[in-house]
Amino acid sequence: MSDRAALLKGIRVWLALFVVCLVLSGATAFPLVHELRWTESGLRALSVPEHLPGLMTWISRVREGLDTVDADYPFVLYGTDWLAFAHLVIAVAFYGPYRDPVRNIWVVEFGMIACAGIIPLALLCGPVRGIPFWWSLIDMSFGVFGVVPLYVVRKKIKRLEALGAPAVSG
């Protein structure tokens with residue numbers, strides 16, 4: 001396998017991993033009410049309340065809030081539907097670098113900027129919304145872990161560009 005082919009394959013594998021994670025992250029925003037019920041009951045079955053009472057208190061509070069919103073103000077959950085949709089739309093944008101990485105490196109860089117933006121958003125909005133700091137750390141980890149495959153992809157694209165790779169399609 002040539003250097004070009006190996007780089008292109010590596011780029012596509014990393015992009016596919018990133019897109020799958022982005023789609024899964026978005027898709028989980030649709031069934032939030034049910035997910036929280038399942039999570040709470042699963043944590044209780046695993047005796048988490050005895051070992052991590054703070055986590056259990058938070059999960060129960062969030063589940064109660066979502067149950068109330070779902071019962072009395074279901075239109076509020078429409079916002080999380082749009083959040084899910086945004087994840088799916090952003091995932092589609094990564095088809096560009098999958099098809100032609102050098103020409104569409106800007107999409108990867110945009111994704112890296114978005115990952116970096118998660119940190120100030122969590123630090124600023126978390127306290128305003130009453131989110132525990134430890135939960136904001138979990139939210140920030142999505143940016144930290146998300147930027148890793150994009151960083152790897154960007155490095156590979158730069159190497160591909162240095163080889164003078166022709167435009168790639170398909």
# chains A, B, ... in the order shown; residues from 1 in each chain; ligands from 1
$ select_by_dssp --residues "chain A" --states "helix (DSSP H, G or I)" --output "ChimeraX atom specification"
/A:3-27,32-45,48-51,53-72,74-93,95-99,105-128,133-162
$ residues_around --residues "stretch 119-124 of chain A" --least-positions-apart "5" --cutoff "8 Å" --atoms "only C-alpha atoms" --output "ChimeraX atom specification"
/A:136-137,139-140,143
$ atom_distance --atom1 "atom CA of A:Val92" --atom2 "atom CA of A:Val23"
9.3 Å
$ atom_distance --atom1 "atom CA of A:Ser60" --atom2 "atom CA of A:Phe75"
21.5 Å
$ residues_around --residues "A:Leu83" --least-positions-apart "6" --cutoff "9 Å" --atoms "only C-alpha atoms" --output "MDAnalysis selection string"
chainID A and resid 26 29:30
$ write_last_selection --atoms "N, CA, C and O atoms" --output "PDB file, in the first residue's frame"
ATOM      1  N   GLY A  26     -25.634  12.408  19.397  1.00  0.00           N
ATOM      2  CA  GLY A  26     -26.843  13.114  19.006  1.00  0.00           C
ATOM      3  C   GLY A  26     -28.085  12.269  19.175  1.00  0.00           C
ATOM      4  O   GLY A  26     -29.102  12.728  19.693  1.00  0.00           O
ATOM      5  N   ALA A  29     -29.897  12.128  22.435  1.00  0.00           N
ATOM      6  CA  ALA A  29     -30.639  13.297  22.914  1.00  0.00           C
ATOM      7  C   ALA A  29     -32.139  13.174  22.633  1.00  0.00           C
ATOM      8  O   ALA A  29     -32.935  13.890  23.227  1.00  0.00           O
ATOM      9  N   PHE A  30     -32.547  12.271  21.751  1.00  0.00           N
ATOM     10  CA  PHE A  30     -33.975  12.094  21.467  1.00  0.00           C
ATOM     11  C   PHE A  30     -34.724  11.443  22.634  1.00  0.00           C
ATOM     12  O   PHE A  30     -35.722  11.986  23.090  1.00  0.00           O
TER      13      PHE A  30
END
$ residues_around --residues "A:Ala5" --least-positions-apart "2" --cutoff "12 Å" --atoms "only C-alpha atoms" --output "list of chain:residue names"
A:Met1, A:Ser2, A:Asp3, A:Leu7, A:Leu8, A:Lys9, A:Gly10, A:Ile11, A:Arg12, A:Lys156, A:Ile157, A:Arg159, A:Leu160, A:Leu163, A:Ala165, A:Pro166, A:Val168
$ residues_around --residues "A:Pro49" --least-positions-apart "5" --cutoff "12 Å" --atoms "only C-alpha atoms" --output "NGL selection string"
:A and (40-44 or 54-60)
$ atom_distance --atom1 "atom CA of A:Phe18" --atom2 "atom CA of A:Ala116"
15.3 Å
$ closest_atom_pairs --of "stretch 14-63 of chain A" --to "stretch 94-97 of chain A" --cutoff "9 Å" --atoms "only C-alpha atoms" --output "JSON lines"
{"residue": "A:Leu15", "atom": "CA", "partner": "A:Phe94", "partner_atom": "CA", "distance": 7.2}
{"residue": "A:Ala16", "atom": "CA", "partner": "A:Phe94", "partner_atom": "CA", "distance": 8.7}
{"residue": "A:Phe18", "atom": "CA", "partner": "A:Phe94", "partner_atom": "CA", "distance": 9.0}
{"residue": "A:Val19", "atom": "CA", "partner": "A:Phe94", "partner_atom": "CA", "distance": 7.2}
